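**Q** There's a structure below that I have some questions on.
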Amino acid sequence: MALNPVDLVSSAPWTRVVFTTYALSLSFFEAVILDALLRGRARGALILSDLEGVRAALSEEGARRVGRDYEISPVVCNRPGVFHPKISVLSTVDDTHLLVGSGNLTFSGWGGNLEVIEHLHPSFAADAFDDGAAFFEAMATSDAVRATDGNACRDVATDLRKAAERGQRNGQFRLLHSLDAPIAEQIALYADELGGATRIAVASPYFDLDGNGISKLAAMTNCDNVVLHSHPSGSVGAGIAPPWPYASKQQWEPVALSHLADDHRRLHAKTMEVQCKQGRLLLAGSANATNAGLFGHNIEASVLRVQRDAKAYWQSSVGTPPARQAPDDNKEAQTGSDIGVLHAKLEGDTVVGRILKPLGHGKMLASLRSPLRSAEVGEIETDEQGLFSLPAAGFELDALKTGRLILRLEKGDLAWEGFLSVSITLELIRRTGAIASKLFAMLSGTETPEDVAAILAWFKEDPGRLPVIAPLSGAGPAATNGTQGSTFVTLGDLATAHLTSATVSGVGSGQQFAWQRAMAMIRASFIEVRGPWHEAASGGDDADEDDVDALSARTSANLRANEKSRRYFAELLDAILAPSARESAVPIALSLAHFLADRLRPERHEVQSWVQRILHRVSDLSGPEADMIIATALLYHSTLQPGSGPMRARRFFVKRGIDLDTVNLDPDCISAFVAVLNPQVDLAAELHRARCAVTMGEQIRAYLAAADGRGPSAGFDDLKTSRHWPKLLRGLQNPVDFAKITVLDEATDFCPRKHILLPMTSKADLKSQGVAVCDCCSRLILNKDC
């Protein structure tokens, strides 16, 4: 039994998915195809559609995920016809499938109508994959068509050629397309190879009224024996285009093809059997039996089966031509529209795009709308090619929450509309696959406990996925030459800043910029303070029993998810803080810890352990988490033994080259840490105490300066109260005694002279007090790094 196309769509984590279509229903695509892709964990999808399909889709208010979860790329015919092929390409690194048929990307095209579809695989149809590659390459280069995403067409062609190389070429399956030559001309050539056509049977929902296409096909193949299928259940769109060549001078024989006639759906299949002296040809695809489909300027694609020495042929019975109907003016009116079509992408806070049809240039009024809001952008300028750019700050976040952004341009009585493709979301899907929906929720602030657990599990699987990136332009280092800049980059900052691909340090435009910006936004979302999750109200005494049960089940599920999050984060933290791990991920660990403290409100000892371990590994305060690191260090040291906090906090900053006199404190950025660790803390006061404190290392350096004659005999009051002060004082007074003092740049566990292990008390004193006596040689040891 043949595999249902929807089942094929959901059967694998496809890395590239491309559909071509004439008519388009986004409601169908999102409800059926996109759902199947997500179930299969595919990485996005691209729809190449004729302008009429795009124009119709613009009115589908129910379609919300276009531009965010998948992309539409309009195709412009540079000749009078339309873009009409119905091709689906589904590929991974190791496998590729090709579907070619008659059904548009609509509910009817994928089940409601009687359609025909060929499912090809390189294991038996490598020739057709070569032909498909040539078609998509021509899409990117042919003068007959303008694909708004030529690079994507080239990528598809590459996938198809690689698949063909793995397959078997036997000449039995070919993909015919009309970019190089008319479909009918190619049919005639293959028929000649099989000795010439003797009978042609055609099933098509549409014909020329005068039968021109069929007449020319009969003449080109030198075959007068042509029969036309008359479908008992009627054809699709019979009120728009004739289902029979009623005005033809030649009387065509009506038949009922046995394999089609019993199907009660309306006919939209386009298929043909050409019997030849040495076999037969079977054609199935998009080409109607019209002059436009077989000979004209339409862009078509159909699969041709070449069956040499065939003995079995289509069976038929006597048919009756369908009754002629008057044209349906209402349907014709519905298909027309005065709205032009444009193509545009949202790259950061800038829209870049092009007017496609009708052509237009000059000054225009621009507006953007999403399901959340509409906004007038103002007047913009389009060049003679229809190219334009305009600012769109804030709409990126709208797309994350609701998808579907539409740009409208107006000039006098003319108007153009098009969907915005949101670069960051499409790149997230392309690179991250199924986890992208969880990341979208995180970015938009709508994440659930299950989302957070899934994201942490994803990071835990590969800590290299953490968004360790260069900061966005304008987010300077936390401390440069003693002056702290603004480093707290939030989603709000990203929403209001006018950033383009050129403003990200070291990053070009396109996919890399989109990925860089996505990583910046994910990193910023960890820093945002959102507060703990709250369960829905119970409903009081009048609550329905089912509602209470549902709430209880949801609460239990959330608790399980939160427990997973804590477990996954503990494992992730071990990986981030491992000696071999990159230090650039350590600040992100702190923002993740705060995010979990904010959302989950874990026990105090658990959060304190996270903070202590992370601060110990922090060495760089130049990233977006700089404000958080500063405030957290002050908070953490305020929880230690009374009296030791200010000095230890100061030591933390001094060791990292931070001048506390230039630090700007933002206590609000760690509100969750404060709530869990020390709700009564006054961080401003802690900063003041740390500024006033003097570390033992600073005192030892002051002592050494005084002993060397480079400074006053002051600034080391704690040393004066030490039990070692008599020896230290003699060192100040007598160079010979000073020469007996050993000075270290950092603590050691061994005697510097005899390399004998120091006693535990001496090691502890050297690390905490900066001064100790070596038992083996009775010498004083000073540690400048204390």
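The chains in the structure tokens are called A, B, ... from first to last as shown; in each chain the residues are counted from 1, and the ligands are counted from 1 in the order shown.
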Skipping near chain neighbours, those fewer than 6 positions away, what residues fall within 12 Å of Asp682 in chain A using only C-alpha atoms, listed as a PyMOL selection string?

**A** chain A and resi 631+634-635+638-639+665-668+671+674+688-689

**Q** Let's have the selection written as an mmCIF file, in the first residue's frame, with C-alpha atoms.

**A**
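What follows is the written file result28.cif:
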```cif
data_model
loop_
_atom_site.group_PDB
_atom_site.id
_atom_site.type_symbol
_atom_site.label_atom_id
_atom_site.label_comp_id
_atom_site.auth_asym_id
_atom_site.auth_seq_id
_atom_site.Cartn_x
_atom_site.Cartn_y
_atom_site.Cartn_z
ATOM 1 C CA ALA A 631 25.212 42.592 42.373
ATOM 2 C CA LEU A 634 27.866 41.724 46.868
ATOM 3 C CA LEU A 635 24.767 39.735 47.819
ATOM 4 C CA SER A 638 26.666 39.578 52.602
ATOM 5 C CA THR A 639 25.461 36.086 53.567
ATOM 6 C CA LEU A 665 25.046 49.012 40.975
ATOM 7 C CA ASP A 666 21.695 47.687 39.724
ATOM 8 C CA PRO A 667 20.074 45.796 42.635
ATOM 9 C CA ASP A 668 16.902 45.057 40.642
ATOM 10 C CA SER A 671 15.679 40.369 42.642
ATOM 11 C CA VAL A 674 17.803 38.628 46.896
ATOM 12 C CA HIS A 688 29.844 51.134 50.242
ATOM 13 C CA ARG A 689 31.341 48.769 52.822
#
```

**Q** Using only C-alpha atoms, determine which residues lie at most 7 Å from Val236 in chain A, disregarding the query and same-chain residues fewer than 4 positions distant; provide the list as a PDB file with all heavy atoms, in the first residue's frame.

**A**
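That gives us result.pdb:
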```pdb
ATOM      1  N   PRO A 205      -8.697  18.241 -15.569  1.00  0.00           N
ATOM      2  CA  PRO A 205      -9.886  18.995 -15.158  1.00  0.00           C
ATOM      3  C   PRO A 205     -10.192  20.152 -16.109  1.00  0.00           C
ATOM      4  O   PRO A 205     -11.321  20.641 -16.148  1.00  0.00           O
ATOM      5  CB  PRO A 205      -9.518  19.507 -13.770  1.00  0.00           C
ATOM      6  CG  PRO A 205      -8.030  19.626 -13.807  1.00  0.00           C
ATOM      7  CD  PRO A 205      -7.548  18.503 -14.684  1.00  0.00           C
ATOM      8  N   ARG A 266     -14.243  15.137  -6.994  1.00  0.00           N
ATOM      9  CA  ARG A 266     -14.124  15.888  -8.239  1.00  0.00           C
ATOM     10  C   ARG A 266     -12.695  15.795  -8.769  1.00  0.00           C
ATOM     11  O   ARG A 266     -11.728  15.788  -8.015  1.00  0.00           O
ATOM     12  CB  ARG A 266     -14.524  17.341  -8.022  1.00  0.00           C
ATOM     13  CG  ARG A 266     -16.013  17.531  -7.734  1.00  0.00           C
ATOM     14  CD  ARG A 266     -16.387  18.996  -7.763  1.00  0.00           C
ATOM     15  NE  ARG A 266     -15.607  19.782  -6.794  1.00  0.00           N
ATOM     16  CZ  ARG A 266     -15.520  21.102  -6.807  1.00  0.00           C
ATOM     17  NH1 ARG A 266     -16.142  21.810  -7.736  1.00  0.00           N
ATOM     18  NH2 ARG A 266     -14.812  21.738  -5.893  1.00  0.00           N
ATOM     19  N   LEU A 267     -12.590  15.751 -10.080  1.00  0.00           N
ATOM     20  CA  LEU A 267     -11.306  15.531 -10.730  1.00  0.00           C
ATOM     21  C   LEU A 267     -10.461  16.802 -10.738  1.00  0.00           C
ATOM     22  O   LEU A 267     -10.912  17.862 -11.173  1.00  0.00           O
ATOM     23  CB  LEU A 267     -11.533  15.067 -12.171  1.00  0.00           C
ATOM     24  CG  LEU A 267     -10.263  14.813 -12.997  1.00  0.00           C
ATOM     25  CD1 LEU A 267      -9.581  13.532 -12.539  1.00  0.00           C
ATOM     26  CD2 LEU A 267     -10.589  14.758 -14.491  1.00  0.00           C
ATOM     27  N   HIS A 268      -9.227  16.666 -10.256  1.00  0.00           N
ATOM     28  CA  HIS A 268      -8.224  17.714 -10.433  1.00  0.00           C
ATOM     29  C   HIS A 268      -6.900  17.113 -10.910  1.00  0.00           C
ATOM     30  O   HIS A 268      -5.921  17.822 -11.132  1.00  0.00           O
ATOM     31  CB  HIS A 268      -8.013  18.507  -9.137  1.00  0.00           C
ATOM     32  CG  HIS A 268      -7.231  19.759  -9.318  1.00  0.00           C
ATOM     33  ND1 HIS A 268      -5.917  19.886  -8.911  1.00  0.00           N
ATOM     34  CD2 HIS A 268      -7.554  20.951  -9.888  1.00  0.00           C
ATOM     35  CE1 HIS A 268      -5.471  21.096  -9.193  1.00  0.00           C
ATOM     36  NE2 HIS A 268      -6.437  21.780  -9.793  1.00  0.00           N
TER      37      HIS A 268
END
```

**Q** Just list as a count of residues only whatever in range 377-423 of chain A DSSP marks as strand (DSSP E).

**A** 26

**Q** Write out as a list of chain:residue names the residues lying within 12 Å of Asp717 in chain A, counting only C-alpha atoms and excluding same-chain residues fewer than 4 positions away.

**A**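 Listing them by chain and then by number gives A:Ala693, A:Val694, A:Thr695, A:Met696, A:Glu698, A:Gln699, A:Ile700, A:Ala702, A:Tyr703, A:Ser713, A:Thr721, A:Ser722, A:Trp725.
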
**Q** Keeping only all heavy atoms, write those residues as a tab-separated table (two decimals), in the first residue's frame.

**A**
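Final output, selection.tsv:
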```tsv
chain	number	residue	atom	x	y	z
A	693	ALA	N	36.48	48.84	52.56
A	693	ALA	CA	37.32	47.75	53.07
A	693	ALA	C	38.67	47.75	52.38
A	693	ALA	O	38.86	48.34	51.31
A	693	ALA	CB	36.61	46.42	52.88
A	694	VAL	N	39.64	47.11	53.05
A	694	VAL	CA	40.97	46.92	52.47
A	694	VAL	C	41.30	45.44	52.61
A	694	VAL	O	41.31	44.90	53.71
A	694	VAL	CB	42.04	47.77	53.19
A	694	VAL	CG1	43.40	47.60	52.51
A	694	VAL	CG2	41.64	49.23	53.22
A	695	THR	N	41.59	44.80	51.52
A	695	THR	CA	41.89	43.37	51.57
A	695	THR	C	43.27	43.13	52.17
A	695	THR	O	44.12	44.03	52.19
A	695	THR	CB	41.84	42.74	50.18
A	695	THR	OG1	42.94	43.24	49.40
A	695	THR	CG2	40.52	43.06	49.47
A	696	MET	N	43.49	41.92	52.66
A	696	MET	CA	44.80	41.59	53.19
A	696	MET	C	45.85	41.69	52.09
A	696	MET	O	47.00	42.08	52.34
A	696	MET	CB	44.79	40.18	53.80
A	696	MET	CG	43.96	40.07	55.07
A	696	MET	SD	44.47	41.25	56.36
A	696	MET	CE	46.16	40.73	56.64
A	698	GLU	N	45.86	43.83	49.63
A	698	GLU	CA	46.17	45.26	49.48
A	698	GLU	C	47.04	45.73	50.63
A	698	GLU	O	47.97	46.55	50.44
A	698	GLU	CB	44.88	46.06	49.41
A	698	GLU	CG	44.09	45.89	48.13
A	698	GLU	CD	42.76	46.62	48.16
A	698	GLU	OE1	41.97	46.40	49.11
A	698	GLU	OE2	42.50	47.40	47.23
A	699	GLN	N	46.76	45.25	51.84
A	699	GLN	CA	47.58	45.65	52.99
A	699	GLN	C	49.01	45.12	52.87
A	699	GLN	O	49.97	45.83	53.20
A	699	GLN	CB	46.94	45.12	54.28
A	699	GLN	CG	45.60	45.78	54.60
A	699	GLN	CD	45.08	45.38	55.97
A	699	GLN	OE1	45.81	45.45	56.96
A	699	GLN	NE2	43.81	44.98	56.02
A	700	ILE	N	49.13	43.89	52.38
A	700	ILE	CA	50.48	43.33	52.22
A	700	ILE	C	51.25	44.11	51.17
A	700	ILE	O	52.45	44.41	51.34
A	700	ILE	CB	50.39	41.84	51.86
A	700	ILE	CG1	49.92	41.04	53.09
A	700	ILE	CG2	51.71	41.31	51.34
A	700	ILE	CD1	49.58	39.60	52.80
A	702	ALA	N	50.80	47.25	50.47
A	702	ALA	CA	51.14	48.53	51.10
A	702	ALA	C	52.34	48.36	52.03
A	702	ALA	O	53.24	49.22	52.08
A	702	ALA	CB	49.94	49.07	51.87
A	703	TYR	N	52.36	47.24	52.78
A	703	TYR	CA	53.49	46.96	53.66
A	703	TYR	C	54.79	46.83	52.86
A	703	TYR	O	55.84	47.38	53.24
A	703	TYR	CB	53.21	45.69	54.46
A	703	TYR	CG	54.41	45.16	55.20
A	703	TYR	CD1	54.80	45.68	56.43
A	703	TYR	CD2	55.19	44.15	54.63
A	703	TYR	CE1	55.92	45.20	57.09
A	703	TYR	CE2	56.31	43.67	55.27
A	703	TYR	CZ	56.68	44.20	56.51
A	703	TYR	OH	57.78	43.73	57.16
A	713	SER	N	54.24	54.30	55.93
A	713	SER	CA	54.03	53.19	56.87
A	713	SER	C	52.59	53.21	57.35
A	713	SER	O	52.29	53.37	58.55
A	713	SER	CB	55.02	53.32	58.05
A	713	SER	OG	56.35	53.21	57.61
A	721	THR	N	47.86	44.21	63.91
A	721	THR	CA	47.22	43.46	65.01
A	721	THR	C	47.54	41.98	64.93
A	721	THR	O	47.08	41.20	65.77
A	721	THR	CB	45.70	43.65	64.96
A	721	THR	OG1	45.19	43.12	63.74
A	721	THR	CG2	45.34	45.13	65.06
A	722	SER	N	48.30	41.58	63.93
A	722	SER	CA	48.64	40.18	63.76
A	722	SER	C	49.70	39.75	64.76
A	722	SER	O	50.54	40.55	65.19
A	722	SER	CB	49.16	39.95	62.33
A	722	SER	OG	49.79	38.70	62.21
A	725	TRP	N	53.26	40.58	63.82
A	725	TRP	CA	53.67	41.97	63.64
A	725	TRP	C	55.09	42.27	64.12
A	725	TRP	O	55.82	43.03	63.46
A	725	TRP	CB	52.68	42.92	64.31
A	725	TRP	CG	53.10	44.37	64.21
A	725	TRP	CD1	53.42	45.22	65.22
A	725	TRP	CD2	53.28	45.11	63.00
A	725	TRP	NE1	53.77	46.44	64.74
A	725	TRP	CE2	53.70	46.42	63.36
A	725	TRP	CE3	53.13	44.82	61.64
A	725	TRP	CZ2	53.97	47.41	62.44
A	725	TRP	CZ3	53.41	45.80	60.73
A	725	TRP	CH2	53.81	47.08	61.12
```

**Q** I'd like to know which residues of range 67-146 of chain A are helix (DSSP H, G or I) (by DSSP, run on the backbone); could you write them as a list in words?

**A**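 The helix (DSSP H, G or I) subset of range 67-146 of chain A is Ser108, Gly109, Trp110, Gly111, Gly112, Pro122, Ser123, Phe124, Ala125, Ala126, Asp127, Ala128, Phe129, Asp130, Asp131, Gly132, Ala133, Ala134, Phe135, Phe136, Glu137, Ala138, Met139, Ala140 and Thr141 of chain A.
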
**Q** Can you list, as number ranges by chain, every protein, DNA or RNA residue that comes within 10 Å of Cys776 in chain A when you count only C-alpha atoms, leaving out same-chain residues fewer than 4 positions away?

**A** A: 751, 753-759

**Q** Output all heavy atoms of each residue in that selection to a file, as a compact mmCIF listing (two decimals), in the first residue's frame.

**A**
```
# COMPACT_ATOMS: atom_id res chain seq x y z
N CYS A 751 56.77 24.79 51.55
CA CYS A 751 57.79 25.78 51.93
C CYS A 751 58.53 26.20 50.67
O CYS A 751 59.06 25.36 49.94
CB CYS A 751 58.76 25.16 52.93
SG CYS A 751 60.22 26.21 53.24
N ARG A 753 61.37 27.44 50.29
CA ARG A 753 62.81 27.20 50.30
C ARG A 753 63.12 25.70 50.29
O ARG A 753 63.97 25.24 49.55
CB ARG A 753 63.45 27.85 51.55
CG ARG A 753 63.30 29.39 51.54
CD ARG A 753 63.98 30.03 52.75
NE ARG A 753 65.43 29.91 52.71
CZ ARG A 753 66.16 29.20 53.57
NH1 ARG A 753 65.56 28.54 54.54
NH2 ARG A 753 67.48 29.16 53.45
N LYS A 754 62.44 24.91 51.14
CA LYS A 754 62.78 23.50 51.27
C LYS A 754 61.75 22.58 50.61
O LYS A 754 61.93 21.36 50.60
CB LYS A 754 62.93 23.14 52.74
CG LYS A 754 64.05 23.91 53.43
CD LYS A 754 64.24 23.44 54.86
CE LYS A 754 65.42 24.15 55.54
NZ LYS A 754 65.64 23.66 56.92
N HIS A 755 60.64 23.16 50.11
CA HIS A 755 59.61 22.40 49.40
C HIS A 755 59.02 21.28 50.25
O HIS A 755 58.67 20.22 49.75
CB HIS A 755 60.17 21.82 48.10
CG HIS A 755 60.80 22.84 47.20
ND1 HIS A 755 60.06 23.83 46.57
CD2 HIS A 755 62.11 23.06 46.89
CE1 HIS A 755 60.87 24.60 45.87
NE2 HIS A 755 62.13 24.17 46.05
N ILE A 756 58.93 21.55 51.54
CA ILE A 756 58.29 20.63 52.47
C ILE A 756 56.85 21.09 52.66
O ILE A 756 56.56 22.28 52.72
CB ILE A 756 59.04 20.60 53.82
CG1 ILE A 756 60.47 20.08 53.61
CG2 ILE A 756 58.28 19.75 54.85
CD1 ILE A 756 61.33 20.16 54.87
N LEU A 757 55.93 20.13 52.76
CA LEU A 757 54.52 20.44 52.90
C LEU A 757 54.26 21.27 54.15
O LEU A 757 54.72 20.91 55.25
CB LEU A 757 53.69 19.16 52.95
CG LEU A 757 52.17 19.33 52.93
CD1 LEU A 757 51.72 19.89 51.57
CD2 LEU A 757 51.48 17.99 53.19
N LEU A 758 53.55 22.38 53.98
CA LEU A 758 53.23 23.24 55.11
C LEU A 758 52.14 22.61 55.98
O LEU A 758 51.28 21.88 55.47
CB LEU A 758 52.74 24.60 54.63
CG LEU A 758 53.75 25.47 53.88
CD1 LEU A 758 53.06 26.71 53.33
CD2 LEU A 758 54.90 25.88 54.80
N PRO A 759 52.16 22.91 57.27
CA PRO A 759 51.07 22.43 58.13
C PRO A 759 49.72 23.02 57.68
O PRO A 759 49.67 24.06 57.02
CB PRO A 759 51.46 22.95 59.52
CG PRO A 759 52.92 23.21 59.44
CD PRO A 759 53.19 23.63 58.02
```

**Q** Determine, using only C-alpha atoms, which residues of range 380-451 of chain A have any atom at most 10 Å from an atom of range 71-95 of chain A, and tabulate each with its shortest atom pair and distance in Å to one decimal place, rows ordered by chain and then rising number, as CSV.

**A**
```
residue,atom,partner,partner_atom,distance
A:Gly418,CA,A:Pro74,CA,9.1
A:Phe419,CA,A:Ile72,CA,7.5
A:Leu420,CA,A:Glu71,CA,8.6
A:Ser421,CA,A:Glu71,CA,6.0
A:Val422,CA,A:Glu71,CA,8.4
A:Ser423,CA,A:Glu71,CA,9.5
A:Leu426,CA,A:Glu71,CA,7.5
```

**Q** Taking only C-alpha atoms into account, name the residue in A:Asp208, A:Ala184, A:Phe129, A:Leu98 that is nearest to Thr158 in chain A.

**A**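 Counting only C-alpha atoms, the residue closest to Thr158 in chain A is A:Phe129.
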
**Q** As a PyMOL selection string, please: the residues near Ala197 in chain A (cut-off 12 Å, only C-alpha atoms, same-chain neighbours under 2 positions excluded).

**A** chain A and resi 187-195+199-201+217-226+273-281

**Q** Just the selected residues (N, CA, C and O atoms), exported as a compact mmCIF listing (two decimals), in the first residue's frame, please.

**A**
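Wrote it out as selection-v4.txt, contents follow:
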```txt
# COMPACT_ATOMS: atom_id res chain seq x y z
N ILE A 187 7.17 15.12 -24.51
CA ILE A 187 6.39 13.89 -24.65
C ILE A 187 6.57 13.30 -26.05
O ILE A 187 6.77 12.09 -26.22
N ALA A 188 6.51 14.16 -27.05
CA ALA A 188 6.65 13.69 -28.42
C ALA A 188 8.01 13.06 -28.67
O ALA A 188 8.12 12.04 -29.38
N LEU A 189 9.06 13.61 -28.10
CA LEU A 189 10.39 13.04 -28.28
C LEU A 189 10.49 11.66 -27.66
O LEU A 189 11.06 10.73 -28.27
N TYR A 190 9.97 11.51 -26.46
CA TYR A 190 10.02 10.19 -25.83
C TYR A 190 9.14 9.19 -26.57
O TYR A 190 9.47 8.00 -26.66
N ALA A 191 7.99 9.66 -27.10
CA ALA A 191 7.13 8.76 -27.87
C ALA A 191 7.85 8.27 -29.12
O ALA A 191 7.73 7.09 -29.51
N ASP A 192 8.61 9.14 -29.76
CA ASP A 192 9.36 8.73 -30.94
C ASP A 192 10.38 7.65 -30.59
O ASP A 192 10.63 6.73 -31.38
N GLU A 193 10.99 7.74 -29.40
CA GLU A 193 11.97 6.73 -28.99
C GLU A 193 11.33 5.36 -28.82
O GLU A 193 12.01 4.33 -28.91
N LEU A 194 10.02 5.35 -28.54
CA LEU A 194 9.29 4.09 -28.39
C LEU A 194 8.54 3.72 -29.66
O LEU A 194 7.57 2.96 -29.62
N GLY A 195 8.95 4.23 -30.79
CA GLY A 195 8.38 3.85 -32.06
C GLY A 195 7.21 4.69 -32.52
O GLY A 195 6.63 4.43 -33.59
N ARG A 199 -1.96 5.71 -29.40
CA ARG A 199 -3.20 6.10 -28.70
C ARG A 199 -2.81 6.97 -27.51
O ARG A 199 -1.84 6.67 -26.79
N ILE A 200 -3.56 8.02 -27.32
CA ILE A 200 -3.32 8.91 -26.18
C ILE A 200 -4.62 9.02 -25.39
O ILE A 200 -5.66 9.38 -25.95
N ALA A 201 -4.53 8.73 -24.07
CA ALA A 201 -5.67 8.88 -23.18
C ALA A 201 -5.34 9.98 -22.17
O ALA A 201 -4.28 9.94 -21.54
N LEU A 217 -1.06 18.65 -29.52
CA LEU A 217 -0.38 17.45 -29.05
C LEU A 217 -0.57 16.30 -30.04
O LEU A 217 0.38 15.57 -30.35
N ALA A 218 -1.81 16.14 -30.52
CA ALA A 218 -2.08 15.08 -31.50
C ALA A 218 -1.24 15.28 -32.76
O ALA A 218 -0.69 14.32 -33.33
N ALA A 219 -1.13 16.52 -33.19
CA ALA A 219 -0.36 16.79 -34.40
C ALA A 219 1.13 16.56 -34.16
O ALA A 219 1.83 15.99 -35.03
N MET A 220 1.64 16.97 -33.01
CA MET A 220 3.06 16.84 -32.74
C MET A 220 3.47 15.37 -32.61
O MET A 220 4.58 15.00 -32.98
N THR A 221 2.57 14.55 -32.07
CA THR A 221 2.87 13.12 -31.93
C THR A 221 2.40 12.30 -33.13
O THR A 221 2.58 11.08 -33.15
N ASN A 222 1.75 13.00 -34.08
CA ASN A 222 1.23 12.32 -35.27
C ASN A 222 0.29 11.18 -34.87
O ASN A 222 0.37 10.07 -35.39
N CYS A 223 -0.59 11.49 -33.91
CA CYS A 223 -1.51 10.48 -33.39
C CYS A 223 -2.92 11.06 -33.39
O CYS A 223 -3.19 12.03 -32.66
N ASP A 224 -3.81 10.48 -34.16
CA ASP A 224 -5.20 10.94 -34.20
C ASP A 224 -6.08 10.20 -33.20
O ASP A 224 -7.23 10.60 -32.97
N ASN A 225 -5.57 9.12 -32.63
CA ASN A 225 -6.37 8.30 -31.70
C ASN A 225 -6.22 8.88 -30.29
O ASN A 225 -5.39 8.42 -29.50
N VAL A 226 -7.02 9.89 -29.98
CA VAL A 226 -6.94 10.58 -28.69
C VAL A 226 -8.30 10.48 -28.01
O VAL A 226 -9.33 10.82 -28.61
N GLU A 273 -1.79 8.79 -20.61
CA GLU A 273 -1.12 7.58 -21.09
C GLU A 273 -0.91 7.73 -22.59
O GLU A 273 -1.86 7.98 -23.35
N VAL A 274 0.32 7.53 -23.03
CA VAL A 274 0.65 7.56 -24.46
C VAL A 274 1.09 6.16 -24.84
O VAL A 274 2.21 5.72 -24.50
N GLN A 275 0.20 5.41 -25.51
CA GLN A 275 0.56 4.09 -26.00
C GLN A 275 1.45 4.24 -27.22
O GLN A 275 1.17 5.05 -28.11
N CYS A 276 2.50 3.44 -27.25
CA CYS A 276 3.45 3.51 -28.35
C CYS A 276 3.65 2.10 -28.93
O CYS A 276 3.25 1.09 -28.33
N LYS A 277 4.31 2.04 -30.04
CA LYS A 277 4.53 0.75 -30.69
C LYS A 277 5.45 -0.15 -29.87
O LYS A 277 5.35 -1.38 -29.95
N GLN A 278 6.31 0.45 -29.06
CA GLN A 278 7.28 -0.34 -28.30
C GLN A 278 7.17 -0.08 -26.80
O GLN A 278 8.14 -0.13 -26.08
N GLY A 279 5.98 0.21 -26.32
CA GLY A 279 5.78 0.45 -24.89
C GLY A 279 4.76 1.54 -24.66
O GLY A 279 3.89 1.79 -25.50
N ARG A 280 4.89 2.21 -23.54
CA ARG A 280 3.97 3.30 -23.25
C ARG A 280 4.65 4.33 -22.35
O ARG A 280 5.63 4.04 -21.65
N LEU A 281 4.07 5.54 -22.34
CA LEU A 281 4.49 6.63 -21.46
C LEU A 281 3.33 6.97 -20.53
O LEU A 281 2.18 7.04 -20.97
```
